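Okay, my_file23.csv now, which holds CSV, C-alpha atoms and all ligand atoms:
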```
chain,number,residue,atom,x,y,z
S,9,MET,CA,192.3,95.7,112.3
S,10,THR,CA,189.2,96.1,110.2
S,11,LYS,CA,189.3,99.2,108.1
S,12,ALA,CA,186.3,101.3,107.2
S,13,ILE,CA,186.3,102.1,103.5
S,14,GLN,CA,184.7,105.1,101.9
S,15,THR,CA,181.2,105.1,100.4
S,16,GLY,CA,182.4,104.6,96.8
S,17,PRO,CA,181.3,101.7,94.6
S,18,ALA,CA,181.5,98.2,95.8
S,19,PRO,CA,183.8,95.9,93.9
S,20,ALA,CA,182.0,94.6,90.8
S,21,ARG,CA,181.0,90.9,91.0
S,22,THR,CA,182.9,88.7,88.6
S,23,GLU,CA,181.5,85.8,86.7
S,24,GLY,CA,183.7,83.3,88.5
S,25,THR,CA,182.5,84.2,92.0
S,26,ASP,CA,178.8,84.7,91.3
S,27,ASN,CA,176.9,81.4,91.2
S,28,ARG,CA,173.4,82.7,91.9
S,29,GLU,CA,170.7,81.4,89.7
S,30,GLY,CA,168.8,84.7,89.2
S,31,GLY,CA,171.5,87.4,88.9
S,32,HIS,CA,169.2,90.2,87.8
S,33,GLY,CA,169.9,92.6,90.6
S,34,ALA,CA,170.2,96.3,89.8
S,35,ALA,CA,172.8,98.8,90.8
S,36,VAL,CA,171.6,101.4,93.3
S,37,ARG,CA,173.1,104.9,93.7
S,38,VAL,CA,172.3,107.2,96.5
S,39,ASP,CA,173.9,110.5,95.6
S,40,GLY,CA,174.0,113.4,98.1
S,41,VAL,CA,170.5,112.5,99.4
S,42,GLY,CA,168.9,114.7,102.1
S,43,ILE,CA,165.4,114.2,103.4
S,44,ARG,CA,163.4,116.8,105.4
S,45,PHE,CA,160.0,116.5,107.0
S,46,GLY,CA,158.9,120.1,107.2
S,47,SER,CA,161.5,121.9,109.2
S,48,PHE,CA,163.0,118.6,110.5
S,49,HIS,CA,166.1,117.5,108.7
S,50,ALA,CA,166.1,113.7,109.0
S,51,VAL,CA,169.0,112.7,106.8
S,52,ASP,CA,171.7,114.7,105.0
S,53,GLY,CA,174.3,114.2,102.3
S,54,ILE,CA,174.0,110.4,102.1
S,55,THR,CA,176.1,109.0,99.3
S,56,LEU,CA,176.2,105.2,98.7
S,57,ASP,CA,176.9,103.1,95.7
S,58,ILE,CA,175.4,99.6,95.9
S,59,ALA,CA,176.5,97.1,93.2
S,60,ALA,CA,174.1,95.0,91.3
S,61,GLY,CA,173.5,91.8,93.3
S,62,GLU,CA,175.2,93.2,96.5
S,63,PHE,CA,173.7,92.7,100.0
S,64,LEU,CA,174.2,95.9,101.9
S,65,CYS,CA,173.2,96.2,105.6
S,66,LEU,CA,172.3,99.6,107.0
S,67,LEU,CA,173.1,99.8,110.7
S,68,GLY,CA,172.5,102.8,113.0
S,69,PRO,CA,171.1,104.0,116.3
S,70,SER,CA,167.3,103.9,116.7
S,71,GLY,CA,165.7,106.9,115.1
S,72,CYS,CA,168.6,107.9,113.0
S,73,GLY,CA,166.8,107.7,109.7
S,74,LYS,CA,167.3,104.1,108.4
S,75,SER,CA,163.6,103.6,107.6
S,76,THR,CA,163.4,107.1,106.1
S,77,LEU,CA,166.3,106.3,103.7
S,78,LEU,CA,164.8,102.9,102.8
S,79,SER,CA,161.3,104.6,102.1
S,80,ALA,CA,163.0,107.0,99.8
S,81,LEU,CA,164.7,104.1,98.0
S,82,ALA,CA,161.3,102.5,97.7
S,83,GLY,CA,159.8,105.7,96.2
S,84,PHE,CA,157.5,106.3,99.1
S,85,VAL,CA,159.3,109.4,100.3
S,86,ARG,CA,160.8,112.0,97.9
S,87,PRO,CA,164.3,113.3,98.8
S,88,SER,CA,164.6,117.0,99.4
S,89,GLU,CA,168.1,117.0,98.0
S,90,GLY,CA,170.2,114.7,95.9
S,91,VAL,CA,169.2,111.8,93.6
S,92,LEU,CA,168.4,108.1,94.0
S,93,THR,CA,168.9,105.9,90.9
S,94,VAL,CA,168.4,102.2,90.1
S,95,ASP,CA,170.5,101.2,87.2
S,96,GLY,CA,170.9,104.8,86.3
S,97,LYS,CA,167.1,105.5,86.3
S,98,PRO,CA,165.9,108.1,88.9
S,99,VAL,CA,163.5,106.7,91.5
S,100,THR,CA,160.4,108.9,91.1
S,101,GLY,CA,157.8,106.7,93.0
S,102,PRO,CA,156.9,103.1,93.9
S,103,ASP,CA,158.0,100.7,91.2
S,104,PRO,CA,157.6,96.9,90.8
S,105,ASP,CA,161.4,96.7,90.4
S,106,LEU,CA,161.7,97.8,94.0
S,107,GLY,CA,160.2,95.4,96.6
S,108,MET,CA,159.7,96.3,100.2
S,109,VAL,CA,159.6,93.8,103.1
S,110,PHE,CA,158.3,95.4,106.3
S,111,GLN,CA,159.1,94.4,109.9
S,112,SER,CA,155.5,93.4,110.5
S,113,SER,CA,153.7,90.7,108.5
S,114,GLU,CA,150.5,92.5,109.1
S,115,ALA,CA,151.0,93.7,105.5
S,116,LEU,CA,149.6,90.3,104.4
S,117,PHE,CA,145.9,90.0,103.3
S,118,ASP,CA,144.3,87.9,106.0
S,119,TRP,CA,141.3,87.0,103.8
S,120,LEU,CA,143.4,85.6,101.0
S,121,THR,CA,145.2,82.2,101.1
S,122,VAL,CA,149.0,82.1,101.3
S,123,ARG,CA,149.1,81.3,97.5
S,124,GLN,CA,146.7,84.1,96.7
S,125,ASN,CA,148.8,86.5,98.8
S,126,VAL,CA,151.9,85.6,96.9
S,127,ALA,CA,150.1,85.6,93.5
S,128,PHE,CA,148.7,89.1,94.2
S,129,GLY,CA,151.5,91.1,92.4
S,130,PRO,CA,151.5,88.9,89.3
S,131,ARG,CA,147.7,89.1,89.2
S,132,MET,CA,147.8,92.9,89.4
S,133,ARG,CA,150.3,92.8,86.5
S,134,GLY,CA,147.8,90.9,84.4
S,135,ARG,CA,149.6,87.5,84.4
S,136,SER,CA,147.4,84.5,83.5
S,137,ARG,CA,145.9,82.4,86.3
S,138,THR,CA,148.3,79.6,85.4
S,139,GLU,CA,151.3,81.9,85.6
S,140,GLN,CA,150.1,83.4,88.9
S,141,HIS,CA,149.8,79.9,90.3
S,142,GLU,CA,153.2,78.8,89.0
S,143,LEU,CA,155.0,82.0,90.3
S,144,ALA,CA,153.3,81.7,93.7
S,145,ASP,CA,154.3,78.1,94.1
S,146,GLU,CA,157.8,78.8,92.8
S,147,TYR,CA,158.5,81.5,95.4
S,148,LEU,CA,156.6,79.6,98.2
S,149,GLY,CA,159.0,76.7,97.4
S,150,LEU,CA,162.0,79.1,97.7
S,151,VAL,CA,160.9,80.1,101.2
S,152,GLY,CA,160.0,76.5,102.1
S,153,LEU,CA,156.3,77.0,102.4
S,154,ARG,CA,154.7,75.3,99.4
S,155,HIS,CA,152.9,72.9,101.7
S,156,CYS,CA,151.1,75.9,103.3
S,157,ALA,CA,149.8,77.4,100.0
S,158,ASP,CA,146.1,76.8,100.8
S,159,ARG,CA,146.2,78.0,104.4
S,160,PHE,CA,145.4,81.5,105.6
S,161,PRO,CA,148.0,83.8,107.1
S,162,GLY,CA,146.2,83.7,110.5
S,163,GLN,CA,146.9,79.9,110.6
S,164,LEU,CA,150.7,80.4,110.4
S,165,SER,CA,153.4,81.3,112.9
S,166,GLY,CA,155.1,84.7,112.9
S,167,GLY,CA,158.2,83.3,111.1
S,168,MET,CA,156.1,81.6,108.5
S,169,ARG,CA,154.1,84.8,107.8
S,170,GLN,CA,157.3,86.7,107.4
S,171,ARG,CA,158.4,84.1,104.8
S,172,VAL,CA,155.1,84.6,103.0
S,173,GLN,CA,155.8,88.3,102.9
S,174,ILE,CA,159.3,87.7,101.5
S,175,ALA,CA,157.8,85.3,98.8
S,176,ARG,CA,155.1,87.8,98.0
S,177,VAL,CA,157.8,90.5,97.3
S,178,LEU,CA,160.0,88.1,95.4
S,179,ALA,CA,157.1,86.9,93.2
S,180,ASN,CA,157.1,90.4,91.7
S,181,GLN,CA,160.6,89.6,90.6
S,182,PRO,CA,162.0,93.0,91.8
S,183,ARG,CA,165.6,93.9,91.0
S,184,VAL,CA,166.1,95.4,94.4
S,185,VAL,CA,164.6,94.1,97.7
S,186,LEU,CA,164.4,96.6,100.5
S,187,MET,CA,164.0,95.0,104.0
S,188,ASP,CA,163.3,97.1,107.1
S,189,GLU,CA,164.2,95.0,110.2
S,190,PRO,CA,162.3,92.1,108.6
S,191,PHE,CA,163.1,89.7,111.5
S,192,GLY,CA,162.9,92.3,114.3
S,193,ALA,CA,159.5,91.0,115.6
S,194,LEU,CA,160.5,87.3,115.6
S,195,ASP,CA,161.7,85.3,118.6
S,196,ALA,CA,165.4,84.6,118.8
S,197,GLN,CA,165.3,81.1,117.5
S,198,THR,CA,163.0,81.8,114.6
S,199,ARG,CA,165.1,84.8,113.8
S,200,GLN,CA,168.2,82.7,113.6
S,201,VAL,CA,166.5,80.2,111.2
S,202,MET,CA,165.3,83.1,109.1
S,203,GLN,CA,168.8,84.7,108.9
S,204,GLU,CA,170.2,81.4,107.6
S,205,GLU,CA,167.3,81.1,105.2
S,206,MET,CA,167.8,84.7,104.0
S,207,ALA,CA,171.4,83.9,102.8
S,208,ARG,CA,170.0,81.0,100.7
S,209,ILE,CA,167.0,83.0,99.4
S,210,ARG,CA,169.2,85.8,98.4
S,211,GLN,CA,171.6,83.5,96.6
S,212,ALA,CA,168.7,82.0,94.6
S,213,SER,CA,167.0,85.2,93.8
S,214,GLY,CA,170.0,87.2,92.7
S,215,CYS,CA,168.4,90.6,93.7
S,216,THR,CA,170.3,93.5,95.1
S,217,VAL,CA,169.3,93.7,98.8
S,218,VAL,CA,169.3,96.8,101.1
S,219,PHE,CA,168.7,95.4,104.6
S,220,VAL,CA,168.1,97.6,107.6
S,221,THR,CA,168.9,96.2,111.0
S,222,HIS,CA,170.0,97.5,114.4
S,223,ASP,CA,171.6,94.0,115.0
S,224,ILE,CA,175.4,93.9,114.5
S,225,GLU,CA,175.5,90.1,114.5
S,226,GLU,CA,172.7,89.9,111.8
S,227,ALA,CA,174.7,92.4,109.6
S,228,ILE,CA,177.9,90.4,109.9
S,229,LEU,CA,176.0,87.2,109.1
S,230,LEU,CA,174.3,88.5,106.0
S,231,ALA,CA,176.1,91.5,104.4
S,232,ASP,CA,178.6,91.9,101.7
S,233,ARG,CA,179.1,95.4,103.1
S,234,VAL,CA,177.8,97.2,106.2
S,235,ALA,CA,177.1,100.9,106.2
S,236,VAL,CA,176.8,102.6,109.6
S,237,MET,CA,174.7,105.8,109.9
S,238,THR,CA,175.4,108.6,112.3
S,239,ALA,CA,172.8,109.6,114.9
S,240,GLY,CA,170.3,112.1,113.6
S,241,PRO,CA,169.1,114.7,113.0
S,242,ALA,CA,170.7,115.3,109.7
S,243,ALA,CA,172.1,111.7,109.8
S,244,SER,CA,174.7,110.7,107.3
S,245,VAL,CA,176.9,107.7,106.6
S,246,LYS,CA,179.6,107.4,109.3
S,247,SER,CA,181.5,104.4,107.9
S,248,VAL,CA,181.3,101.5,105.4
S,249,TYR,CA,182.9,98.1,106.0
S,250,PRO,CA,183.3,95.2,103.6
S,251,VAL,CA,182.6,91.8,105.2
S,252,ASP,CA,185.4,89.7,103.9
S,253,LEU,CA,184.2,86.4,105.2
S,254,PRO,CA,183.4,83.2,103.4
S,255,ARG,CA,179.8,81.8,103.5
S,256,PRO,CA,178.3,80.2,105.5
S,257,ARG,CA,179.7,82.7,108.0
S,258,ASP,CA,181.6,81.7,111.2
S,259,GLU,CA,180.8,84.3,113.9
S,260,ASP,CA,184.1,83.3,115.7
S,261,ASP,CA,186.3,84.0,112.7
S,262,PRO,CA,188.9,86.6,113.8
S,263,THR,CA,187.8,88.9,111.0
S,264,ALA,CA,184.2,88.7,112.3
S,265,LEU,CA,185.4,89.5,115.8
S,266,ASP,CA,187.4,92.4,114.6
S,267,LEU,CA,184.5,93.8,112.5
S,268,ARG,CA,182.1,93.4,115.4
S,269,ARG,CA,184.4,95.5,117.6
S,270,SER,CA,184.6,98.2,115.0
S,271,LEU,CA,180.9,98.3,114.4
S,272,ARG,CA,180.2,98.4,118.2
S,273,GLN,CA,182.6,101.2,118.6
S,274,ASP,CA,181.1,103.2,115.7
S,275,ILE,CA,177.5,102.7,116.9
S,276,GLY,CA,178.4,103.3,120.5
S,277,GLU,CA,179.9,106.7,119.6
S,278,GLU,CA,176.7,107.6,117.8
S,279,VAL,CA,174.4,106.5,120.7
S,280,ARG,CA,176.5,108.5,123.2
S,281,LYS,CA,176.3,111.5,120.9
S,282,ALA,CA,172.5,111.1,120.7
S,283,LEU,CA,172.2,110.9,124.5
S,284,ARG,CA,174.4,114.0,125.0
S,285,ASP,CA,172.2,115.8,122.4
S,286,GLN,CA,169.2,114.9,124.6
S,287,GLY,CA,170.9,116.3,127.6
S,288,LEU,CA,171.8,113.0,129.1
S,289,ASP,CA,175.6,112.6,129.7
S,290,PRO,CA,176.3,108.8,129.3
S,291,GLU,CA,179.5,109.1,131.3
S,292,GLU,CA,177.6,110.6,134.3
S,293,THR,CA,174.7,108.2,134.1
S,294,SER,CA,176.7,105.0,133.7
Y,1,LIG,N1,156.8,111.2,108.3
Y,1,LIG,C1,157.6,111.8,109.2
Y,1,LIG,N2,157.3,113.0,109.6
Y,1,LIG,C2,158.2,113.6,110.5
Y,1,LIG,N3,159.3,113.0,111.0
Y,1,LIG,C3,159.5,111.8,110.6
Y,1,LIG,C4,158.7,111.1,109.7
Y,1,LIG,N4,159.3,109.8,109.5
Y,1,LIG,C5,160.3,109.8,110.3
Y,1,LIG,N5,160.5,110.9,111.0
Y,1,LIG,C6,161.6,111.3,111.9
Y,1,LIG,O1,162.8,111.0,111.2
Y,1,LIG,C7,163.8,110.4,112.1
Y,1,LIG,C8,164.3,109.1,111.5
Y,1,LIG,O2,163.2,108.2,111.6
Y,1,LIG,P1,163.3,106.7,111.1
Y,1,LIG,O3,163.8,106.7,109.7
Y,1,LIG,O4,162.1,106.0,111.4
Y,1,LIG,O5,164.5,106.1,112.0
Y,1,LIG,P2,165.1,104.6,112.2
Y,1,LIG,O6,164.4,103.8,111.1
Y,1,LIG,O7,166.6,104.7,112.0
Y,1,LIG,O8,164.8,104.2,113.6
Y,1,LIG,C9,163.1,110.3,113.5
Y,1,LIG,O9,163.4,111.4,114.2
Y,1,LIG,C10,161.6,110.3,113.1
Y,1,LIG,O10,160.9,110.8,114.2
Y,2,MG,MG,163.1,102.1,111.4
```

Show me the file's structure as structure tokens.
Amino acid sequence: MTKAIQTGPAPARTEGTDNREGGHGAAVRVDGVGIRFGSFHAVDGITLDIAAGEFLCLLGPSGCGKSTLLSALAGFVRPSEGVLTVDGKPVTGPDPDLGMVFQSSEALFDWLTVRQNVAFGPRMRGRSRTEQHELADEYLGLVGLRHCADRFPGQLSGGMRQRVQIARVLANQPRVVLMDEPFGALDAQTRQVMQEEMARIRQASGCTVVFVTHDIEEAILLADRVAVMTAGPAASVKSVYPVDLPRPRDEDDPTALDLRRSLRQDIGEEVRKALRDQGLDPEETS
């Protein structure tokens, strides 16, 4: 039986097991965080310790506050209560150490080439033209798109555009990458390829990753730990599970099956609770 563990620190990575090339991820601490929008209490009392270099998936029913928490981690939204820190430093606003990948690749600049898009962050930080070019090509290589450097985003498929967005975020060499359902808009096959690529990209970049998804399979495939949020309002963390599975992951491994069952049960309970709160009795309507 898979056991949920508390929201305390993840086990520290040891030298022997960490063979990523980058290895410059930062530790993230979410300490008693509550977020209100006016009188609406979106999330409440969230405490999570994310180890440097860890891949944490955040799961939860739609509308529970996953994007809200991620926006607070990115410095876009200020918590009403509690503190968010990155390597002990409070998050006070957007920071180049915190990279955000959105669900939609509309965030790309359509009038710039793929290379110029990826070089944008280094250019803003005053890197030389040679450095911009080298960094862009390095990260385009990492996402398998160096051959597309001179094309424009409009000439690429949805999956390729999403890879460009990931390369653009990584080219800023952030210590934490925040991803909000980054593959949610892709077709099932492209999504599967991107999930496999993501494991490799993460390995090579060494960043800490906080990855929001509503897809249990995706979480089991990618995460070191999975945190499940309760239904809102005032959503908190319901459970946290370690994913004790070797990589590449086998979805038919008994541990994976066991974890899937526990996650389904936890999320099912929260969805039913949300339906009851909306006056819909799931037992009656099913
Ligand atoms: N800027 C905002 N102003 C008011 N309410 C918001 C704002 N952003 C999000 N919310 C509300 O907070 C709750 C959580 O939203 P969100 O974080 O987007 O959920 P999720 O990403 O889990 O689907 C929802 O009820 C949403 O309507
Ligand atoms: Mg969301």

Return as a Markdown table the residues of chain S lying at most 8 Å from ligand MG 2 (chain Y), together with the closest atom-to-atom pair for each and the distance in Å to one decimal, counting all atoms listed in the file, with rows in chain order and ascending residue number.
```
| residue | atom | partner | partner_atom | distance |
| --- | --- | --- | --- | --- |
| S:Ser70 | CA | Y:MG2 | MG | 7.0 |
| S:Gly71 | CA | Y:MG2 | MG | 6.6 |
| S:Gly73 | CA | Y:MG2 | MG | 6.9 |
| S:Lys74 | CA | Y:MG2 | MG | 5.5 |
| S:Ser75 | CA | Y:MG2 | MG | 4.1 |
| S:Thr76 | CA | Y:MG2 | MG | 7.3 |
| S:Asp188 | CA | Y:MG2 | MG | 6.6 |
| S:Glu189 | CA | Y:MG2 | MG | 7.3 |
| S:Val220 | CA | Y:MG2 | MG | 7.7 |
```

For chain S versus ligand LIG 1 (chain Y), which residues have an atom no more than 9 Å away, and what is each residue's nearest atom pair and distance in Å rounded to one decimal, using only C-alpha atoms and all ligand atoms, chain-then-number order, as a tab-separated table?
```
residue	atom	partner	partner_atom	distance
S:Ile43	CA	Y:LIG1	O1	8.8
S:Arg44	CA	Y:LIG1	N3	7.9
S:Phe45	CA	Y:LIG1	C2	4.9
S:Gly46	CA	Y:LIG1	C2	7.3
S:Phe48	CA	Y:LIG1	N3	6.7
S:His49	CA	Y:LIG1	O1	7.7
S:Ala50	CA	Y:LIG1	O1	4.8
S:Val51	CA	Y:LIG1	C8	7.6
S:Leu67	CA	Y:LIG1	O7	8.2
S:Gly68	CA	Y:LIG1	O7	6.3
S:Pro69	CA	Y:LIG1	O7	6.3
S:Ser70	CA	Y:LIG1	O8	4.0
S:Gly71	CA	Y:LIG1	O8	3.2
S:Cys72	CA	Y:LIG1	O7	3.9
S:Gly73	CA	Y:LIG1	O3	3.2
S:Lys74	CA	Y:LIG1	O7	3.7
S:Ser75	CA	Y:LIG1	O6	3.6
S:Thr76	CA	Y:LIG1	O3	3.6
S:Leu77	CA	Y:LIG1	O3	6.5
S:Leu78	CA	Y:LIG1	O3	7.9
S:Ser79	CA	Y:LIG1	O3	8.3
S:Val85	CA	Y:LIG1	N1	8.6
S:Asp188	CA	Y:LIG1	O6	7.9
S:Glu189	CA	Y:LIG1	O6	8.8
S:Val220	CA	Y:LIG1	O6	8.0
S:Thr221	CA	Y:LIG1	O6	8.8
S:His222	CA	Y:LIG1	O7	8.3
S:Met237	CA	Y:LIG1	O7	8.4
S:Ala239	CA	Y:LIG1	O7	8.4
S:Gly240	CA	Y:LIG1	C7	6.9
S:Pro241	CA	Y:LIG1	O9	6.7
S:Ala242	CA	Y:LIG1	C7	8.8
S:Ala243	CA	Y:LIG1	C8	8.4
```

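One distance worth recording is that between atom CA of S:Lys97 and atom CA of S:Leu56, which is 15.4 Å.
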
Exercise for the section: Enter the distance from atom CA of S:Val251 to atom CA of S:Ser270, in Å, rounded to one decimal. Expected result: 11.9 Å

Completion exercise
Shortest contact to S:Glu259, candidates S:Glu226, S:Glu146, S:Asp232, S:Asp274, atoms counted all atoms listed in the file, goes to S:Glu226

Problem - Neighbour list for S:Gly129 as a PyMOL selection string, cut-off 9 Å, all atoms listed in the file, skip fewer than 5 positions in-chain - result: chain S and resi 104+134-135+140+176-177+179-180
